$ cat final_29.cif   # mmCIF, C-alpha atoms
data_final
#
loop_
_atom_site.label_atom_id
_atom_site.label_comp_id
_atom_site.auth_asym_id
_atom_site.auth_seq_id
_atom_site.Cartn_x
_atom_site.Cartn_y
_atom_site.Cartn_z
CA MET A 25 40.55 50.80 32.23
CA ASN A 26 42.07 47.62 30.83
CA VAL A 27 42.54 48.03 27.16
CA GLN A 28 41.96 44.83 25.27
CA THR A 29 43.83 44.01 22.16
CA GLN A 30 41.80 45.34 19.27
CA ILE A 31 41.16 42.57 16.81
CA SER A 32 40.08 43.30 13.30
CA THR A 33 38.53 40.25 11.83
CA ALA A 34 35.15 39.85 10.27
CA TYR A 35 34.52 36.46 11.78
CA GLN A 36 33.96 37.23 15.43
CA ASP A 37 31.34 38.79 17.66
CA GLU A 38 31.28 42.55 17.77
CA ILE A 39 33.11 43.33 21.02
CA PRO A 40 34.03 46.57 22.76
CA ASN A 41 37.75 47.32 22.72
CA TYR A 42 37.92 48.20 26.40
CA ARG A 43 36.73 46.77 29.71
CA SER A 44 36.03 48.66 32.91
CA GLU A 45 38.41 48.08 35.86
CA ASP A 46 35.76 46.53 38.05
CA ASP A 47 34.62 44.09 35.42
CA PHE A 48 36.15 40.99 37.03
CA ILE A 49 33.44 38.63 35.95
CA THR A 50 32.87 37.70 32.37
CA THR A 51 29.63 39.27 31.32
CA ILE A 52 27.21 37.12 29.39
CA THR A 53 25.57 39.41 26.88
CA THR A 54 21.92 39.09 26.06
CA ALA A 55 21.10 36.80 23.18
CA ARG A 56 20.95 38.48 19.80
CA PRO A 57 21.07 37.19 16.26
CA GLN A 58 24.55 36.05 15.37
CA VAL A 59 25.69 34.76 12.04
CA ARG A 60 28.81 32.68 11.94
CA VAL A 61 30.66 31.18 9.06
CA MET A 62 30.67 27.54 10.07
CA ASN A 63 33.84 25.73 9.08
CA PRO A 64 34.63 28.01 6.17
CA ASN A 65 36.24 25.91 3.50
CA SER A 66 35.46 27.44 0.16
CA SER A 67 38.13 28.83 -2.10
CA TRP A 68 36.14 32.09 -2.30
CA PHE A 69 36.14 32.52 1.44
CA LYS A 70 39.86 31.89 1.69
CA GLU A 71 40.49 34.42 -1.07
CA LEU A 72 38.25 37.09 0.45
CA GLU A 73 39.00 36.79 4.14
CA GLY A 74 41.62 39.54 4.03
CA ARG A 75 39.31 41.82 2.06
CA PHE A 76 36.53 41.30 4.62
CA ASN A 77 38.91 42.27 7.39
CA GLU A 78 40.00 45.33 5.44
CA LEU A 79 36.43 46.49 4.86
CA THR A 80 35.33 46.01 8.46
CA SER A 81 38.32 48.11 9.52
CA LEU A 82 37.73 51.10 7.24
CA PRO A 83 38.00 54.44 9.04
CA ARG A 84 34.92 56.59 9.53
CA GLY A 85 34.59 58.90 6.53
CA TRP A 86 36.42 56.46 4.22
CA ASP A 87 34.20 57.54 1.30
CA GLY A 88 35.02 61.24 1.64
CA TYR A 89 31.77 61.87 3.51
CA ASN A 90 30.38 60.10 6.56
CA GLY A 91 30.89 56.51 5.48
CA ILE A 92 31.20 53.86 8.17
CA PRO A 93 33.09 50.56 7.97
CA VAL A 94 31.24 47.45 6.85
CA SER A 95 29.34 46.13 9.86
CA PHE A 96 30.31 42.79 11.30
CA SER A 97 26.77 41.52 10.87
CA CYS A 98 26.76 42.32 7.14
CA ALA A 99 30.25 40.88 6.72
CA LEU A 100 29.32 37.72 8.57
CA PHE A 101 26.18 37.21 6.58
CA ALA A 102 28.00 37.93 3.32
CA GLY A 103 30.63 35.39 4.37
CA ASN A 104 27.97 32.76 4.93
CA LEU A 105 26.37 33.62 1.62
CA ILE A 106 29.68 33.23 -0.15
CA GLU A 107 30.14 29.80 1.42
CA ARG A 108 26.70 28.84 0.15
CA LEU A 109 27.13 30.22 -3.37
CA CYS A 110 30.71 29.16 -4.07
CA VAL A 111 31.32 27.55 -7.46
CA ASN A 112 34.97 26.59 -7.70
CA SER A 113 35.16 27.18 -11.44
CA LEU A 114 34.19 30.85 -10.97
CA PRO A 115 36.27 33.67 -9.57
CA ALA A 116 35.24 34.99 -6.16
CA PRO A 117 32.96 38.03 -6.17
CA GLN A 118 34.41 41.51 -5.80
CA LEU A 119 33.49 43.04 -2.45
CA VAL A 120 32.40 46.68 -2.54
CA PRO A 121 31.72 48.55 0.70
CA MET A 122 28.71 50.86 0.85
CA SER A 123 28.75 54.11 2.80
CA ASP A 124 26.18 52.89 5.34
CA GLY A 125 28.12 49.81 6.47
CA THR A 126 26.46 47.38 4.11
CA ILE A 127 28.36 45.38 1.50
CA ARG A 128 27.90 44.47 -2.14
CA LEU A 129 29.13 41.37 -3.99
CA GLU A 130 29.73 41.88 -7.69
CA TRP A 131 30.54 39.71 -10.72
CA HIS A 132 31.03 41.20 -14.17
CA MET A 133 31.76 38.36 -16.56
CA ASN A 134 30.27 36.02 -19.15
CA GLN A 135 28.06 38.88 -20.39
CA PHE A 136 26.36 39.16 -17.00
CA ASP A 137 26.51 41.87 -14.36
CA ILE A 138 25.43 40.48 -10.99
CA GLU A 139 25.26 42.77 -7.97
CA VAL A 140 24.17 41.46 -4.58
CA ASP A 141 23.52 43.97 -1.79
CA VAL A 142 23.77 42.49 1.69
CA LEU A 143 21.78 45.05 3.69
CA GLY A 144 21.61 42.93 6.84
CA ILE A 145 21.03 39.43 8.10
CA TYR A 146 18.61 37.71 5.71
CA ASP A 147 18.09 41.07 4.02
CA VAL A 148 19.55 40.80 0.54
CA PHE A 149 18.73 42.51 -2.73
CA ALA A 150 20.19 41.19 -5.96
CA CYS A 151 20.21 42.51 -9.50
CA ARG A 152 21.30 40.75 -12.68
CA THR A 153 21.75 42.36 -16.08
CA ASP A 154 22.09 40.06 -19.07
CA LEU A 155 24.19 42.02 -21.54
CA LEU A 156 23.28 39.67 -24.40
CA SER A 157 19.53 40.18 -24.12
CA ASP A 158 19.61 43.51 -22.23
CA GLU A 159 17.22 41.97 -19.68
CA GLU A 160 17.39 43.02 -16.06
CA ASP A 161 16.14 40.95 -13.12
CA GLU A 162 15.83 42.06 -9.52
CA ILE A 163 15.09 39.84 -6.53
CA GLU A 164 14.72 40.46 -2.83
CA VAL A 165 16.07 37.50 -0.91
CA GLN A 166 15.29 36.74 2.70
CA MET A 167 15.26 33.00 3.37
CA ASP A 168 15.33 31.24 0.03
CA PHE A 169 18.56 31.69 -1.89
CA THR A 170 17.75 29.19 -4.63
CA GLU A 171 17.25 31.73 -7.39
CA LEU A 172 20.43 33.57 -6.51
CA SER A 173 22.23 30.23 -6.51
CA ASN A 174 20.84 29.56 -10.00
CA TRP A 175 22.15 32.92 -11.19
CA ILE A 176 25.63 31.98 -10.03
CA SER A 177 25.40 28.58 -11.76
CA GLU A 178 24.37 30.30 -14.99
CA LEU A 179 27.32 32.64 -14.59
CA ALA A 180 29.53 29.57 -14.99
CA THR A 181 28.00 28.43 -18.27
CA ASP A 182 29.80 29.07 -21.55
CA ARG A 183 27.20 31.35 -23.13
CA ILE A 184 29.32 32.68 -25.95
CA GLY A 185 30.38 29.14 -26.94
CA ALA A 186 26.76 27.96 -26.79
CA LEU A 187 25.64 30.87 -28.94
CA ALA A 188 28.38 30.14 -31.47
CA GLN A 189 27.22 26.49 -31.68
CA VAL A 190 23.62 27.53 -32.25
CA GLY A 191 24.75 29.95 -34.90
CA GLY A 192 26.44 27.06 -36.62
CA MET B 10 22.20 62.63 8.58
CA SER B 11 20.01 64.92 10.61
CA VAL B 12 18.27 66.94 7.89
CA GLU B 13 14.82 65.86 6.77
CA PRO B 14 14.77 65.18 3.02
CA TYR B 15 13.81 68.25 1.01
CA ASP B 16 14.46 69.88 -2.34
CA GLU B 17 16.54 73.07 -2.03
CA GLU B 18 15.19 75.92 -4.15
CA GLU B 19 18.55 77.72 -4.12
CA ILE B 20 20.08 74.81 -6.03
CA ILE B 21 19.16 75.68 -9.60
CA GLU B 22 18.89 73.26 -12.50
CA GLY B 23 22.30 73.96 -13.98
CA ASP B 24 24.19 73.66 -10.68
CA THR B 25 26.88 71.02 -10.50
CA ILE B 26 26.52 68.32 -7.88
CA ILE B 27 29.71 66.40 -7.10
CA ARG B 28 30.08 62.84 -5.82
CA ARG B 29 33.53 61.73 -4.65
CA VAL B 30 34.84 58.37 -5.89
CA PRO B 31 36.72 56.28 -3.31
CA LEU B 32 39.08 53.63 -4.65
CA GLN B 33 37.18 51.05 -2.58
CA GLN B 34 34.26 51.41 -5.00
CA LEU B 35 36.13 50.56 -8.19
CA VAL B 36 35.58 47.13 -9.73
CA TRP B 37 37.06 45.05 -12.53
CA ASP B 38 34.76 44.25 -15.44
CA SER B 39 35.56 41.27 -17.69
CA ASN B 40 32.62 41.81 -20.04
CA GLY B 41 33.65 43.21 -23.39
CA ASP B 42 36.87 42.76 -25.29
CA GLU B 43 39.28 43.72 -22.53
CA ARG B 44 39.18 43.49 -18.78
CA ARG B 45 38.84 47.02 -17.48
CA GLN B 46 38.45 48.91 -14.24
CA ARG B 47 35.36 51.02 -13.73
CA ILE B 48 33.22 52.63 -11.06
CA SER B 49 30.80 50.29 -9.27
CA LYS B 50 27.13 51.16 -9.66
CA GLY B 51 27.17 51.07 -5.88
CA LEU B 52 28.71 54.54 -5.92
CA ASN B 53 25.26 55.85 -6.80
CA SER B 54 23.54 54.31 -3.80
CA LYS B 55 21.74 55.88 -0.90
CA SER B 56 22.23 54.77 2.66
CA SER B 57 19.78 52.02 3.54
CA ARG B 58 18.09 53.87 6.41
CA PRO B 59 14.79 55.06 4.94
CA LYS B 60 15.30 58.82 5.29
CA ASP B 61 19.01 58.86 4.44
CA GLY B 62 20.30 59.86 1.05
CA MET B 63 23.48 59.85 -1.00
CA SER B 64 26.23 62.26 0.07
CA VAL B 65 27.37 64.91 -2.41
CA ASP B 66 29.24 68.23 -2.51
CA ILE B 67 27.50 71.35 -3.82
CA GLU B 68 29.89 73.14 -6.19
CA ALA B 69 28.11 76.53 -6.10
CA LEU B 70 28.64 76.83 -2.33
CA MET B 71 32.38 76.33 -2.75
CA VAL B 72 32.60 78.80 -5.62
CA ASN B 73 30.76 81.39 -3.50
CA ASP B 74 33.40 80.90 -0.79
CA ASN B 75 36.27 81.13 -3.28
CA VAL B 76 37.17 77.52 -2.57
CA ASP B 77 38.62 75.45 -5.44
CA PRO B 78 36.10 72.57 -5.73
CA THR B 79 38.57 70.23 -7.47
CA GLU B 80 41.07 70.61 -4.68
CA TYR B 81 38.43 70.45 -1.97
CA VAL B 82 36.86 67.18 -3.07
CA THR B 83 40.21 65.44 -3.44
CA THR B 84 41.70 66.59 -0.14
CA PRO B 85 43.33 64.90 1.64
CA VAL B 86 43.24 61.50 -0.05
CA PHE B 87 40.29 61.15 -2.35
CA HIS B 88 41.39 60.39 -5.86
CA GLY B 89 38.47 61.15 -8.07
CA ALA B 90 34.99 62.60 -8.37
CA VAL B 91 32.07 62.58 -10.76
CA SER B 92 29.37 65.18 -11.23
CA PHE B 93 25.76 65.54 -12.31
CA SER B 94 23.61 68.59 -12.85
CA ALA B 95 20.80 69.25 -10.40
CA ALA B 96 18.39 68.95 -13.33
CA GLU B 97 19.65 65.45 -14.12
CA ILE B 98 19.13 64.42 -10.51
CA ARG B 99 15.63 65.88 -10.34
CA ALA B 100 14.70 64.26 -13.65
CA LEU B 101 15.15 60.93 -11.87
CA ASP B 102 12.48 61.91 -9.33
CA LEU B 103 15.13 62.63 -6.70
CA MET B 104 15.66 65.69 -4.51
CA VAL B 105 18.88 67.51 -3.64
CA GLY B 106 19.47 69.72 -0.61
CA TYR B 107 22.03 71.05 1.85
CA ASP B 108 23.19 68.94 4.76
CA PRO B 109 26.42 70.45 6.13
CA ILE B 110 28.68 68.26 8.27
CA LYS B 111 29.56 70.16 11.42
CA ASP B 112 30.88 69.32 14.90
CA ASP B 113 31.18 65.59 14.26
CA SER B 114 34.09 64.39 16.38
CA ASP B 115 35.12 61.81 13.76
CA LEU B 116 34.79 63.92 10.62
CA PRO B 117 36.14 67.21 9.32
CA ASP B 118 33.51 69.91 8.87
CA ASN B 119 32.10 70.10 5.37
CA PRO B 120 29.85 73.14 4.93
CA TYR B 121 29.37 72.20 1.26
CA HIS B 122 27.96 68.75 1.97
CA GLY B 123 24.56 67.92 0.56
CA GLU B 124 22.38 64.89 0.05
CA VAL B 125 20.41 63.40 -2.79
CA TRP B 126 17.19 61.90 -1.43
CA LYS B 127 14.29 59.85 -2.68
CA LYS B 128 10.91 61.52 -2.46
CA THR B 129 9.50 58.57 -0.55
CA GLU B 130 11.07 56.61 2.27
CA ALA B 131 12.92 53.58 0.95
CA LYS B 132 16.01 51.53 1.65
CA ARG B 133 17.50 52.08 -1.78
CA PHE B 134 17.31 54.02 -5.00
CA SER B 135 15.44 52.10 -7.67
CA GLY B 136 17.45 50.32 -10.34
CA ALA B 137 16.37 52.99 -12.85
CA GLN B 138 17.54 55.78 -10.54
CA GLN B 139 20.94 54.15 -9.97
CA LYS B 140 21.31 53.53 -13.68
CA GLY B 141 20.17 57.09 -14.46
CA LEU B 142 22.78 58.54 -12.11
CA ARG B 143 25.47 56.32 -13.60
CA ASP B 144 24.50 57.37 -17.14
CA ALA B 145 24.41 61.06 -16.19
CA ALA B 146 27.75 61.00 -14.37
CA ARG B 147 30.73 62.67 -15.97
CA TRP B 148 34.23 62.96 -14.60
CA TYR B 149 34.85 65.96 -12.35
CA VAL B 150 38.27 64.69 -11.30
CA GLU B 151 39.23 61.78 -13.49
CA ILE B 152 40.99 58.69 -12.17
CA GLU B 153 43.45 57.57 -14.81
CA GLY B 154 42.71 54.15 -16.29
CA VAL B 155 39.23 53.98 -14.78
CA GLU B 156 36.04 54.14 -16.83
CA LEU B 157 32.78 55.71 -15.72
CA LYS B 158 30.64 52.63 -16.50
#
$ encode --input "final_29.cif" --output "structure tokens"
Amino acid sequence: MNVQTQISTAYQDEIPNYRSEDDFITTITTARPQVRVMNPNSSWFKELEGRFNELTSLPRGWDGYNGIPVSFSCALFAGNLIERLCVNSLPAPQLVPMSDGTIRLEWHMNQFDIEVDVLGIYDVFACRTDLLSDEEDEIEVQMDFTELSNWISELATDRIGALAQVGG
Amino acid sequence: MSVEPYDEEEIIEGDTIIRRVPLQQLVWDSNGDERRQRISKGLNSKSSRPKDGMSVDIEALMVNDNVDPTEYVTTPVFHGAVSFSAAEIRALDLMVGYDPIKDDSDLPDNPYHGEVWKKTEAKRFSGAQQKGLRDAARWYVEIEGVELK
């Protein structure tokens, strides 16, 4: 058995870490959905790349039970989402691994809590709590990320300053 | 896990149900006067496969075996844990039962392992259930400098 170098990076195909001795010909795997971060350029991506790699390399049982590392597909999709949502004036989201290999993006600032669960490719659930009004919104996102994008834009607005102006 | 979701009659209302807190699930919160570290609401999540639940440890089983629960749930590396009563879990329309971990080549056996399940198949606990668990949680093994919510 020829042991390949094990690479731990979120931005690659999921590959086995060994190859059988008689596997002289490169095998073309059957087509399956792949999500790639195309030309990642955002400041958020650059900041979070190491964290993605850490979370996809977590050991089995990392949560004290039977937790598995963040799956490459969830990490890849989350990476693409981050590229799409990036607002340079905002800090990058915090990445929280879930026990089942999914990943959550979180922001807690500007009197908002925003939590975005990436459950799979185009399978996203997001929740926003407005701490000023105590309103809670939940959205399931599959193809259209416009509303989630709007949430992130609103996260960047100066709400306290605006409230102070209204108050006189 | 392999057990079908069910509600265990032996687990009585006042029993303590423990959930370990990994450092990976702590977040920084800048809302409020001071930036602070707290537990992510994600700690109180079920696995996204429809019949899976949220892993917990059942204190009464450890006590029956003369095992120190505080030591058990923080061994070897886990830093903190929170707890709920079984009644608090059931009040959120959730079930709690035994699901021991045994003979898994990647994991140590845990005969005290249980699960908290939804009564219906779903990918996630509802927002109200997650919030209810977070509000009910109290420190079992406190992590210094970290807030519950």
$ interface_residues --input "final_29.cif" --of "chain B" --to "chain A" --cutoff "6 Å" --atoms "only C-alpha atoms" --output "VMD selection string"
chain B and resid 31 34 38 to 40 56
$ closest_residue --input "final_29.cif" --among "B:Gly89, B:Gly62, B:Gly41, B:Gly123" --to "Ile20 (chain B)" --atoms "only C-alpha atoms"
B:Gly123
$ atom_distance --input "final_29.cif" --atom1 "CA of Glu73 (chain A)" --atom2 "CA of Leu105 (chain A)"
13.3 Å
$ residues_around --input "final_29.cif" --residues "Val111 (chain A)" --least-positions-apart "2" --cutoff "10 Å" --atoms "all atoms listed in the file" --output "VMD selection string"
chain A and resid 66 to 68 106 to 109 113 to 116 173 176 to 177 179 to 180
$ atom_distance --input "final_29.cif" --atom1 "CA of Asp42 (chain B)" --atom2 "CA of Leu156 (chain A)"
14.0 Å
$ resolve_selection --input "final_29.cif" --expression "the PyMOL selection byres ((chain B and resi 80-83) around 10)" --output "list in words"
Gly88 and Tyr89 of chain A; Ile27, Arg28, Arg29, Val30, Pro31, Val65, Asp66, Glu68, Met71, Val76, Asp77, Pro78, Thr79, Thr84, Pro85, Val86, Phe87, His88, Gly89, Ala90, Asn119, Tyr121, Tyr149 and Val150 of chain B
$ atom_distance --input "final_29.cif" --atom1 "CA of Gln166 (chain A)" --atom2 "CA of Tyr146 (chain A)"
4.6 Å
$ residues_around --input "final_29.cif" --residues "Glu22 (chain B)" --least-positions-apart "2" --cutoff "12 Å" --atoms "only C-alpha atoms" --output "number ranges by chain"
B: 16-20, 24-26, 69, 93-100, 104-105
$ residues_around --input "final_29.cif" --residues "region 133-146 of chain B" --least-positions-apart "4" --cutoff "8 Å" --atoms "only C-alpha atoms" --output "number ranges by chain"
B: 50, 53-57, 59, 91-93, 97-98, 101, 127, 157-158
$ closest_residue --input "final_29.cif" --among "B:Ile21, B:Ile48, B:Ile110, B:Leu32" --to "Arg147 (chain B)" --atoms "only C-alpha atoms"
B:Ile48
$ resolve_selection --input "final_29.cif" --expression "the PyMOL selection byres ((chain B and resi 129) around 10)" --output "list in words"
Pro14, Pro59, Lys60, Asp102, Leu103, Trp126, Lys127, Lys128, Glu130, Ala131 and Lys132 of chain B
$ write_last_selection --input "final_29.cif" --atoms "C-alpha atoms" --output "compact mmCIF listing (two decimals), keeping the file's coordinate frame"
# COMPACT_ATOMS: atom_id res chain seq x y z
CA PRO B 14 14.77 65.18 3.02
CA PRO B 59 14.79 55.06 4.94
CA LYS B 60 15.30 58.82 5.29
CA ASP B 102 12.48 61.91 -9.33
CA LEU B 103 15.13 62.63 -6.70
CA TRP B 126 17.19 61.90 -1.43
CA LYS B 127 14.29 59.85 -2.68
CA LYS B 128 10.91 61.52 -2.46
CA GLU B 130 11.07 56.61 2.27
CA ALA B 131 12.92 53.58 0.95
CA LYS B 132 16.01 51.53 1.65
$ resolve_selection --input "final_29.cif" --expression "the PyMOL selection byres ((chain B and resi 109) around 10)" --output "MDAnalysis selection string"
chainID B and resid 10:12 66 106:108 110:112 118:124
